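Have a look at the structure below before the remarks.
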Amino acid sequence: MACFVINGQRKIEGEMTVQGAKNGALPLLAASVLVRGKTVLSGCPQLTDITAAANILTYLGCKVITDGDVMCVDSDSAAGFAVSDSLMHEMRSSIVFLGALLGRFGKAELTAPGGCEIGLRPIDLHLEAMRSLGAVIDEKGGRLVCSCPGGLKGTRISLSFPSVGATENILLAACTAKGETLVVNAAREPEIAELACFLNRCGADIRGAGESVIRINGVKKLTACEHRIRQDRIAAVTYMAAAAVTGGKLRLNFSDTELLMPVIEPFEKTGCQITPDEKGICLKAPERLKKFGMIRTMPYPGFPTDSQADLAVMASVAQGTSTVVENIFENRFKYVGELRKMGAQIRTENRVAVIEGVGRLSGARVVSHDLRGGSALVVAALCSEGTTVADGIHHIDRGYEKIEKQLTELGAEIYRKEQYDG
Ligand code: UD1
């Protein structure tokens, strides 16, 4: 199995352009089967999760052409509404095809994703919402067989939690449903507003996306259009953390700096200077980070759960004690055991991690258990004394485009090895 070998203590310095957002691209790829004609998505990151979504589209009969960061999906030839078990298992987020398939064909057959590395991740909110729009869902041995005998009809849906995926599925299913759908307590993540913006340009009538209440007026027809995917706010934070822990200086070309607002304050508390400019932001790290105190992960615009591991690494090498409270997923501290192998002083209890900063981490053999925990281990390795070997990097490849190349260009010593013989 492939791994990264990282020789630490090289400053991360220079300029980089952040990749397109994985979490933005995935619902747009699902939407491309809903709308008729050729969707052209530029700024598409090259990631295994994106390939998995493209494989699903091809399986459904769409023509998919990838040219660099441009992905063109022609859905006119789509005929299938069932996704195989093996394709569904490639990526948990493939559940977002449910709303798109129901909207396009009035039918969908897919596998219910099981629990994953970071928690149980049930899909009850997705299914409840689809049912209230008129879907009949039969759950047989893990397969979801869905139909809409009377067609999809607009309704009022109050989410008990502002789930990102459930909100996306509602938008996809409701924009061609009959009548008006009102979503209360919708997720406000930027990816929701982006999906709505794309669908509206295809002819949908969605108002309020990005806020807690969304109104969707069903339309008869959606026609594909071109769209540039926004940059990845989560990957941006990982590179910022890499510069922060190595005492570096990074200019990040990132066009939507307001998306980084939820993370700016804790970075500044650690002593990092963050200056916005016309291209994005410039981060200058102090020689030694200070504690940030406490972060609590929350739905957007709160502190993102996907960035808590990066901040925990910063706290591990900072002066003083910091606390991370994880409010979104129940199993998001698996990276802590690996950081301890590197000398980090972290105590966890349920959803709370208390991190006592140590002067320096030491290279070790560690393993990524999930995507964001994995990239945080790379960040830790960059500032550690000696060599770190990180296994399980297929998780990192799901969300970071050529991370080793990006970091090498910024001064890191990181190599991908197909096998490490020690
Ligand atoms: C998306 C993001 C993920 C991010 C998360 C929270 C994508 C591809 N992934 O995941 O990177 O960490 O938002 O910002 O965009 N829940 C239920 N029942 C449901 C649905 C969700 O109980 O039917 C729970 C989940 O188990 C979790 C919480 O709600 O504890 C948040 O999940 P959700 O917002 O749905 O996250 P995802 O869409 O899976």
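Labels for the structure tokens follow display order: chains A, B, ..., residues from 1 in each chain, ligands from 1.
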I'd like a table as JSON lines: residues in chain A with an atom no more than 9 Å from ligand 1, each row giving the shortest atom pair and its distance in Å to one decimal, only C-alpha atoms and all ligand atoms counted, sorted by chain and rising residue number.
```
{"residue": "A:Lys22", "atom": "CA", "partner": "ligand 1", "partner_atom_place_in_ligand_line": "8 (C)", "distance": 7.1}
{"residue": "A:Asn23", "atom": "CA", "partner": "ligand 1", "partner_atom_place_in_ligand_line": "15 (O)", "distance": 4.1}
{"residue": "A:Gly24", "atom": "CA", "partner": "ligand 1", "partner_atom_place_in_ligand_line": "15 (O)", "distance": 6.9}
{"residue": "A:Ala25", "atom": "CA", "partner": "ligand 1", "partner_atom_place_in_ligand_line": "8 (C)", "distance": 8.7}
{"residue": "A:Leu26", "atom": "CA", "partner": "ligand 1", "partner_atom_place_in_ligand_line": "8 (C)", "distance": 6.5}
{"residue": "A:Pro27", "atom": "CA", "partner": "ligand 1", "partner_atom_place_in_ligand_line": "8 (C)", "distance": 7.7}
{"residue": "A:Arg92", "atom": "CA", "partner": "ligand 1", "partner_atom_place_in_ligand_line": "39 (O)", "distance": 7.9}
{"residue": "A:Ser93", "atom": "CA", "partner": "ligand 1", "partner_atom_place_in_ligand_line": "8 (C)", "distance": 5.1}
{"residue": "A:Ser94", "atom": "CA", "partner": "ligand 1", "partner_atom_place_in_ligand_line": "8 (C)", "distance": 8.3}
{"residue": "A:Ile95", "atom": "CA", "partner": "ligand 1", "partner_atom_place_in_ligand_line": "39 (O)", "distance": 8.9}
{"residue": "A:Val96", "atom": "CA", "partner": "ligand 1", "partner_atom_place_in_ligand_line": "8 (C)", "distance": 8.5}
{"residue": "A:Gly115", "atom": "CA", "partner": "ligand 1", "partner_atom_place_in_ligand_line": "26 (O)", "distance": 8.6}
{"residue": "A:Ile118", "atom": "CA", "partner": "ligand 1", "partner_atom_place_in_ligand_line": "30 (O)", "distance": 8.9}
{"residue": "A:Gly119", "atom": "CA", "partner": "ligand 1", "partner_atom_place_in_ligand_line": "26 (O)", "distance": 6.5}
{"residue": "A:Leu120", "atom": "CA", "partner": "ligand 1", "partner_atom_place_in_ligand_line": "26 (O)", "distance": 5.7}
{"residue": "A:Arg121", "atom": "CA", "partner": "ligand 1", "partner_atom_place_in_ligand_line": "26 (O)", "distance": 3.3}
{"residue": "A:Pro122", "atom": "CA", "partner": "ligand 1", "partner_atom_place_in_ligand_line": "18 (N)", "distance": 4.5}
{"residue": "A:Ile123", "atom": "CA", "partner": "ligand 1", "partner_atom_place_in_ligand_line": "23 (O)", "distance": 3.2}
{"residue": "A:Asp124", "atom": "CA", "partner": "ligand 1", "partner_atom_place_in_ligand_line": "23 (O)", "distance": 3.9}
{"residue": "A:Leu125", "atom": "CA", "partner": "ligand 1", "partner_atom_place_in_ligand_line": "23 (O)", "distance": 3.4}
{"residue": "A:His126", "atom": "CA", "partner": "ligand 1", "partner_atom_place_in_ligand_line": "23 (O)", "distance": 4.8}
{"residue": "A:Leu127", "atom": "CA", "partner": "ligand 1", "partner_atom_place_in_ligand_line": "23 (O)", "distance": 7.1}
{"residue": "A:Glu128", "atom": "CA", "partner": "ligand 1", "partner_atom_place_in_ligand_line": "23 (O)", "distance": 8.1}
{"residue": "A:Ser160", "atom": "CA", "partner": "ligand 1", "partner_atom_place_in_ligand_line": "22 (O)", "distance": 8.9}
{"residue": "A:Phe161", "atom": "CA", "partner": "ligand 1", "partner_atom_place_in_ligand_line": "29 (O)", "distance": 6.4}
{"residue": "A:Pro162", "atom": "CA", "partner": "ligand 1", "partner_atom_place_in_ligand_line": "34 (O)", "distance": 6.2}
{"residue": "A:Ser163", "atom": "CA", "partner": "ligand 1", "partner_atom_place_in_ligand_line": "34 (O)", "distance": 3.4}
{"residue": "A:Val164", "atom": "CA", "partner": "ligand 1", "partner_atom_place_in_ligand_line": "34 (O)", "distance": 3.8}
{"residue": "A:Gly165", "atom": "CA", "partner": "ligand 1", "partner_atom_place_in_ligand_line": "38 (O)", "distance": 3.4}
{"residue": "A:Ala166", "atom": "CA", "partner": "ligand 1", "partner_atom_place_in_ligand_line": "35 (O)", "distance": 5.9}
{"residue": "A:Thr167", "atom": "CA", "partner": "ligand 1", "partner_atom_place_in_ligand_line": "35 (O)", "distance": 8.0}
{"residue": "A:Glu168", "atom": "CA", "partner": "ligand 1", "partner_atom_place_in_ligand_line": "38 (O)", "distance": 8.1}
{"residue": "A:Ala187", "atom": "CA", "partner": "ligand 1", "partner_atom_place_in_ligand_line": "34 (O)", "distance": 7.2}
{"residue": "A:Glu189", "atom": "CA", "partner": "ligand 1", "partner_atom_place_in_ligand_line": "14 (O)", "distance": 7.3}
{"residue": "A:Glu191", "atom": "CA", "partner": "ligand 1", "partner_atom_place_in_ligand_line": "15 (O)", "distance": 7.4}
{"residue": "A:Ile234", "atom": "CA", "partner": "ligand 1", "partner_atom_place_in_ligand_line": "11 (O)", "distance": 8.6}
{"residue": "A:Met298", "atom": "CA", "partner": "ligand 1", "partner_atom_place_in_ligand_line": "14 (O)", "distance": 7.9}
{"residue": "A:Pro299", "atom": "CA", "partner": "ligand 1", "partner_atom_place_in_ligand_line": "14 (O)", "distance": 6.0}
{"residue": "A:Tyr300", "atom": "CA", "partner": "ligand 1", "partner_atom_place_in_ligand_line": "14 (O)", "distance": 7.2}
{"residue": "A:Pro304", "atom": "CA", "partner": "ligand 1", "partner_atom_place_in_ligand_line": "14 (O)", "distance": 6.2}
{"residue": "A:Thr305", "atom": "CA", "partner": "ligand 1", "partner_atom_place_in_ligand_line": "12 (O)", "distance": 5.5}
{"residue": "A:Asp306", "atom": "CA", "partner": "ligand 1", "partner_atom_place_in_ligand_line": "12 (O)", "distance": 5.0}
{"residue": "A:Ser307", "atom": "CA", "partner": "ligand 1", "partner_atom_place_in_ligand_line": "12 (O)", "distance": 8.7}
{"residue": "A:Asn327", "atom": "CA", "partner": "ligand 1", "partner_atom_place_in_ligand_line": "30 (O)", "distance": 8.0}
{"residue": "A:Ile328", "atom": "CA", "partner": "ligand 1", "partner_atom_place_in_ligand_line": "30 (O)", "distance": 4.7}
{"residue": "A:Phe329", "atom": "CA", "partner": "ligand 1", "partner_atom_place_in_ligand_line": "30 (O)", "distance": 4.2}
{"residue": "A:Glu330", "atom": "CA", "partner": "ligand 1", "partner_atom_place_in_ligand_line": "30 (O)", "distance": 6.6}
{"residue": "A:Arg372", "atom": "CA", "partner": "ligand 1", "partner_atom_place_in_ligand_line": "11 (O)", "distance": 8.7}
```
Keeping only N, CA and C atoms, write those residues as a CSV table (one decimal), in the first residue's frame.
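Final output, saved to out19.csv:
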```csv
chain,number,residue,atom,x,y,z
A,22,LYS,N,-13.9,19.6,-3.4
A,22,LYS,CA,-14.5,18.3,-3.5
A,22,LYS,C,-16.0,18.3,-3.2
A,23,ASN,N,-16.3,18.9,-2.0
A,23,ASN,CA,-17.7,18.9,-1.5
A,23,ASN,C,-18.6,19.8,-2.3
A,24,GLY,N,-18.0,20.7,-3.1
A,24,GLY,CA,-18.8,21.5,-4.0
A,24,GLY,C,-19.1,20.7,-5.3
A,25,ALA,N,-18.0,20.0,-5.8
A,25,ALA,CA,-18.1,19.3,-7.0
A,25,ALA,C,-19.1,18.1,-7.0
A,26,LEU,N,-19.1,17.4,-5.9
A,26,LEU,CA,-19.9,16.1,-5.9
A,26,LEU,C,-21.4,16.4,-6.1
A,27,PRO,N,-22.0,17.3,-5.4
A,27,PRO,CA,-23.5,17.5,-5.7
A,27,PRO,C,-23.7,18.1,-7.1
A,92,ARG,N,-19.0,7.3,0.2
A,92,ARG,CA,-20.2,7.5,1.0
A,92,ARG,C,-21.1,8.6,0.4
A,93,SER,N,-20.6,9.6,-0.1
A,93,SER,CA,-21.4,10.8,-0.5
A,93,SER,C,-22.2,10.5,-1.7
A,94,SER,N,-22.1,9.3,-2.3
A,94,SER,CA,-22.9,9.0,-3.5
A,94,SER,C,-24.4,9.0,-3.2
A,95,ILE,N,-24.7,9.1,-1.9
A,95,ILE,CA,-26.2,9.1,-1.5
A,95,ILE,C,-26.8,10.4,-2.2
A,96,VAL,N,-26.0,11.4,-2.5
A,96,VAL,CA,-26.5,12.6,-3.1
A,96,VAL,C,-27.1,12.3,-4.5
A,115,GLY,N,-22.1,2.9,8.1
A,115,GLY,CA,-21.3,3.8,8.9
A,115,GLY,C,-20.0,4.0,8.3
A,118,ILE,N,-15.7,8.2,10.3
A,118,ILE,CA,-15.9,9.3,11.3
A,118,ILE,C,-17.2,9.2,12.1
A,119,GLY,N,-18.0,8.2,11.8
A,119,GLY,CA,-19.2,8.0,12.6
A,119,GLY,C,-20.2,7.2,11.9
A,120,LEU,N,-21.4,7.1,12.6
A,120,LEU,CA,-22.5,6.3,12.0
A,120,LEU,C,-23.0,6.8,10.7
A,121,ARG,N,-23.1,8.1,10.6
A,121,ARG,CA,-23.6,8.8,9.4
A,121,ARG,C,-24.9,8.2,8.9
A,122,PRO,N,-26.0,8.2,9.6
A,122,PRO,CA,-27.2,7.6,9.1
A,122,PRO,C,-27.8,8.5,8.0
A,123,ILE,N,-28.8,8.0,7.3
A,123,ILE,CA,-29.4,8.8,6.2
A,123,ILE,C,-30.9,9.0,6.4
A,124,ASP,N,-31.3,8.9,7.7
A,124,ASP,CA,-32.7,9.0,8.0
A,124,ASP,C,-33.3,10.3,7.5
A,125,LEU,N,-32.5,11.4,7.7
A,125,LEU,CA,-33.1,12.7,7.3
A,125,LEU,C,-33.3,12.8,5.7
A,126,HIS,N,-32.4,12.2,5.0
A,126,HIS,CA,-32.5,12.1,3.5
A,126,HIS,C,-33.8,11.4,3.2
A,127,LEU,N,-34.0,10.2,3.8
A,127,LEU,CA,-35.1,9.3,3.4
A,127,LEU,C,-36.4,10.0,3.8
A,128,GLU,N,-36.4,10.5,5.0
A,128,GLU,CA,-37.7,11.2,5.5
A,128,GLU,C,-38.1,12.3,4.5
A,160,SER,N,-34.5,18.2,11.4
A,160,SER,CA,-34.2,18.3,12.8
A,160,SER,C,-32.7,18.6,13.0
A,161,PHE,N,-31.9,18.5,12.0
A,161,PHE,CA,-30.5,18.9,12.0
A,161,PHE,C,-30.2,19.5,10.6
A,162,PRO,N,-29.4,20.6,10.5
A,162,PRO,CA,-29.2,21.1,9.2
A,162,PRO,C,-28.2,20.3,8.4
A,163,SER,N,-28.6,19.1,8.0
A,163,SER,CA,-27.7,18.2,7.3
A,163,SER,C,-27.3,18.7,5.9
A,164,VAL,N,-26.1,18.7,5.6
A,164,VAL,CA,-25.6,19.2,4.3
A,164,VAL,C,-26.1,18.3,3.2
A,165,GLY,N,-25.9,17.0,3.3
A,165,GLY,CA,-26.3,16.0,2.3
A,165,GLY,C,-27.8,16.0,2.1
A,166,ALA,N,-28.5,16.0,3.2
A,166,ALA,CA,-30.0,16.0,3.1
A,166,ALA,C,-30.5,17.2,2.4
A,167,THR,N,-29.9,18.4,2.7
A,167,THR,CA,-30.4,19.6,2.1
A,167,THR,C,-30.1,19.5,0.6
A,168,GLU,N,-28.9,19.0,0.2
A,168,GLU,CA,-28.6,18.9,-1.2
A,168,GLU,C,-29.6,17.9,-1.9
A,187,ALA,N,-29.3,23.3,5.8
A,187,ALA,CA,-27.8,23.6,6.0
A,187,ALA,C,-27.5,24.9,5.2
A,189,GLU,N,-24.2,25.7,4.5
A,189,GLU,CA,-22.8,25.6,3.9
A,189,GLU,C,-22.8,26.3,2.5
A,191,GLU,N,-21.6,25.2,-0.1
A,191,GLU,CA,-21.8,24.3,-1.2
A,191,GLU,C,-23.3,24.2,-1.5
A,234,ILE,N,-11.8,23.9,2.7
A,234,ILE,CA,-11.2,22.9,3.7
A,234,ILE,C,-9.7,22.7,3.4
A,298,MET,N,-19.2,23.4,14.5
A,298,MET,CA,-20.7,23.7,14.3
A,298,MET,C,-21.0,23.7,12.9
A,299,PRO,N,-22.3,23.6,12.5
A,299,PRO,CA,-22.7,23.8,11.1
A,299,PRO,C,-22.2,25.2,10.7
A,300,TYR,N,-22.0,25.4,9.4
A,300,TYR,CA,-21.6,26.7,8.8
A,300,TYR,C,-22.6,27.8,9.2
A,304,PRO,N,-15.7,24.7,11.0
A,304,PRO,CA,-16.0,23.4,10.3
A,304,PRO,C,-15.3,22.2,10.9
A,305,THR,N,-16.2,21.2,11.0
A,305,THR,CA,-15.7,19.9,11.6
A,305,THR,C,-14.5,19.4,10.8
A,306,ASP,N,-14.5,19.6,9.4
A,306,ASP,CA,-13.5,19.1,8.6
A,306,ASP,C,-12.1,19.7,8.9
A,307,SER,N,-12.1,20.8,9.6
A,307,SER,CA,-10.8,21.5,9.9
A,307,SER,C,-10.3,21.3,11.3
A,327,ASN,N,-18.8,18.7,17.6
A,327,ASN,CA,-20.2,18.6,17.8
A,327,ASN,C,-20.9,18.0,16.7
A,328,ILE,N,-20.2,17.7,15.6
A,328,ILE,CA,-21.0,17.2,14.4
A,328,ILE,C,-20.9,15.7,14.2
A,329,PHE,N,-19.7,15.1,14.3
A,329,PHE,CA,-19.6,13.6,14.1
A,329,PHE,C,-19.1,13.0,15.4
A,330,GLU,N,-19.5,11.8,15.7
A,330,GLU,CA,-19.2,11.2,17.0
A,330,GLU,C,-17.8,10.5,17.0
A,372,ARG,N,-9.7,13.8,6.6
A,372,ARG,CA,-9.2,15.0,7.2
A,372,ARG,C,-8.2,14.7,8.4
```
Please extract the residues of range 174-276 of chain A with a backbone DSSP assignment of alpha helix (DSSP H) and present them as number ranges by chain. A: 174, 190-201, 233-245, 261-269
For the selection just defined, write its residues with C-alpha atoms to a file, as a PDB file, in the first residue's frame.
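Written out: selection_8.pdb:
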```pdb
ATOM      1  CA  ALA A 174     -37.654  19.350  -5.311  1.00  0.00           C
ATOM      2  CA  PRO A 190     -21.484  27.471   0.859  1.00  0.00           C
ATOM      3  CA  GLU A 191     -21.833  24.252  -1.165  1.00  0.00           C
ATOM      4  CA  ILE A 192     -25.636  24.533  -0.807  1.00  0.00           C
ATOM      5  CA  ALA A 193     -25.674  28.057  -2.250  1.00  0.00           C
ATOM      6  CA  GLU A 194     -23.372  26.894  -5.041  1.00  0.00           C
ATOM      7  CA  LEU A 195     -25.630  23.966  -5.952  1.00  0.00           C
ATOM      8  CA  ALA A 196     -28.681  26.252  -5.953  1.00  0.00           C
ATOM      9  CA  CYS A 197     -26.862  28.807  -8.083  1.00  0.00           C
ATOM     10  CA  PHE A 198     -26.024  26.109 -10.655  1.00  0.00           C
ATOM     11  CA  LEU A 199     -29.582  24.729 -10.652  1.00  0.00           C
ATOM     12  CA  ASN A 200     -31.078  28.219 -10.996  1.00  0.00           C
ATOM     13  CA  ARG A 201     -28.876  28.861 -14.013  1.00  0.00           C
ATOM     14  CA  ARG A 233     -12.158  26.084   1.790  1.00  0.00           C
ATOM     15  CA  ILE A 234     -11.179  22.935   3.715  1.00  0.00           C
ATOM     16  CA  ALA A 235      -8.024  22.200   1.683  1.00  0.00           C
ATOM     17  CA  ALA A 236      -7.114  25.895   2.074  1.00  0.00           C
ATOM     18  CA  VAL A 237      -7.107  25.503   5.872  1.00  0.00           C
ATOM     19  CA  THR A 238      -4.871  22.429   5.668  1.00  0.00           C
ATOM     20  CA  TYR A 239      -2.236  24.378   3.714  1.00  0.00           C
ATOM     21  CA  MET A 240      -2.592  27.323   6.113  1.00  0.00           C
ATOM     22  CA  ALA A 241      -2.013  24.937   9.033  1.00  0.00           C
ATOM     23  CA  ALA A 242       1.057  23.519   7.256  1.00  0.00           C
ATOM     24  CA  ALA A 243       2.555  27.016   7.041  1.00  0.00           C
ATOM     25  CA  ALA A 244       1.501  27.791  10.626  1.00  0.00           C
ATOM     26  CA  VAL A 245       3.168  24.774  12.272  1.00  0.00           C
ATOM     27  CA  MET A 261     -13.934  33.630   8.042  1.00  0.00           C
ATOM     28  CA  PRO A 262     -14.964  30.814  10.430  1.00  0.00           C
ATOM     29  CA  VAL A 263     -11.311  29.798  10.852  1.00  0.00           C
ATOM     30  CA  ILE A 264      -9.536  33.156  10.846  1.00  0.00           C
ATOM     31  CA  GLU A 265     -10.005  33.931  14.546  1.00  0.00           C
ATOM     32  CA  PRO A 266      -8.375  30.777  15.946  1.00  0.00           C
ATOM     33  CA  PHE A 267      -5.487  31.183  13.486  1.00  0.00           C
ATOM     34  CA  GLU A 268      -4.975  34.769  14.658  1.00  0.00           C
ATOM     35  CA  LYS A 269      -5.119  33.684  18.293  1.00  0.00           C
TER      36      LYS A 269
END
```
Which is closest to Glu418 in chain A among A:Ile393, A:Leu182, A:Cys148, A:Leu252, if we use only C-alpha atoms?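 Selected residue with least distance to Glu418 in chain A: A:Ile393.
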Could you check how far CA of Met294 in chain A sits from CA of Leu259 in chain A, in Å to one decimal?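 Answer for the CA of Met294 in chain A to CA of Leu259 in chain A separation: 20.4 Å.
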Which residues, written as an MDAnalysis selection string, have at least one atom at most 12 Å from Ile214 in chain A, with only C-alpha atoms counted and residues fewer than 4 positions away on the same chain left out? chainID A and resid 155:159 162 167:168 170:171 174:175 180:188 192:193 196 205:210
Shell of 7 Å around Glu226 in chain A, only C-alpha atoms, local chain residues under 5 positions omitted, as a list in words: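 Listing them by chain and then by number gives Thr39, Val40 and Leu41 of chain A.
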Using N, CA, C and O atoms, can you export the residues from the last selection as a CSV table (one decimal), in the first residue's frame?
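Final output, selection.csv:
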```csv
chain,number,residue,atom,x,y,z
A,39,THR,N,-23.5,19.4,-19.2
A,39,THR,CA,-23.0,20.2,-18.1
A,39,THR,C,-21.5,20.3,-18.2
A,39,THR,O,-20.8,19.2,-18.4
A,40,VAL,N,-21.0,21.5,-18.1
A,40,VAL,CA,-19.5,21.6,-18.2
A,40,VAL,C,-19.0,22.2,-16.9
A,40,VAL,O,-19.4,23.4,-16.6
A,41,LEU,N,-18.3,21.4,-16.1
A,41,LEU,CA,-17.8,21.9,-14.8
A,41,LEU,C,-16.3,22.1,-14.9
A,41,LEU,O,-15.5,21.2,-15.2
```
Neighbouring residues of Thr348 in chain A were defined as those with any atom within 12 Å, considering only C-alpha atoms; residues of the same chain fewer than 2 positions away were excluded. Please report them as a VMD selection string. chain A and resid 312 323 to 326 331 to 337 340 345 to 346 350 to 356
Check the smallest atom-to-atom distance from each of A:Ala30, A:Leu47, A:Val136, A:Ile216 to Ile403 in chain A using only C-alpha atoms, then report the winner.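 The closest residue to Ile403 in chain A is A:Leu47.
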Please provide as a PyMOL selection string all residues within 6 Å of Lys38 in chain A, with the sequence filter that same-chain residues fewer than 3 positions apart are discarded (counting only C-alpha atoms). chain A and resi 73-74+224
Grab the residues selected above and save them as a JSON list (two decimals), in the first residue's frame with all heavy atoms.
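Saved the output as out.json:
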```json
[["chain", "number", "residue", "atom", "x", "y", "z"],
["A", 73, "VAL", "N", -20.31, 16.48, -18.75],
["A", 73, "VAL", "CA", -21.24, 15.35, -18.55],
["A", 73, "VAL", "C", -22.46, 15.57, -19.44],
["A", 73, "VAL", "O", -23.17, 16.56, -19.28],
["A", 73, "VAL", "CB", -21.70, 15.26, -17.07],
["A", 73, "VAL", "CG1", -22.61, 14.05, -16.88],
["A", 73, "VAL", "CG2", -20.52, 15.20, -16.13],
["A", 74, "ASP", "N", -22.64, 14.66, -20.39],
["A", 74, "ASP", "CA", -23.82, 14.74, -21.25],
["A", 74, "ASP", "C", -24.82, 13.71, -20.74],
["A", 74, "ASP", "O", -24.59, 12.51, -20.82],
["A", 74, "ASP", "CB", -23.42, 14.46, -22.70],
["A", 74, "ASP", "CG", -24.57, 14.71, -23.64],
["A", 74, "ASP", "OD1", -25.74, 14.78, -23.17],
["A", 74, "ASP", "OD2", -24.33, 14.84, -24.86],
["A", 224, "ALA", "N", -28.91, 21.96, -18.94],
["A", 224, "ALA", "CA", -27.53, 22.02, -18.45],
["A", 224, "ALA", "C", -26.84, 23.34, -18.79],
["A", 224, "ALA", "O", -27.22, 24.02, -19.74],
["A", 224, "ALA", "CB", -26.73, 20.87, -19.04]]
```
Which is closest to Arg10 in chain A among A:Gly359, A:Gly247, A:Gly320, A:Gly106, if we use only C-alpha atoms?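 That would be A:Gly247, the residue with the smallest distance to Arg10 in chain A.
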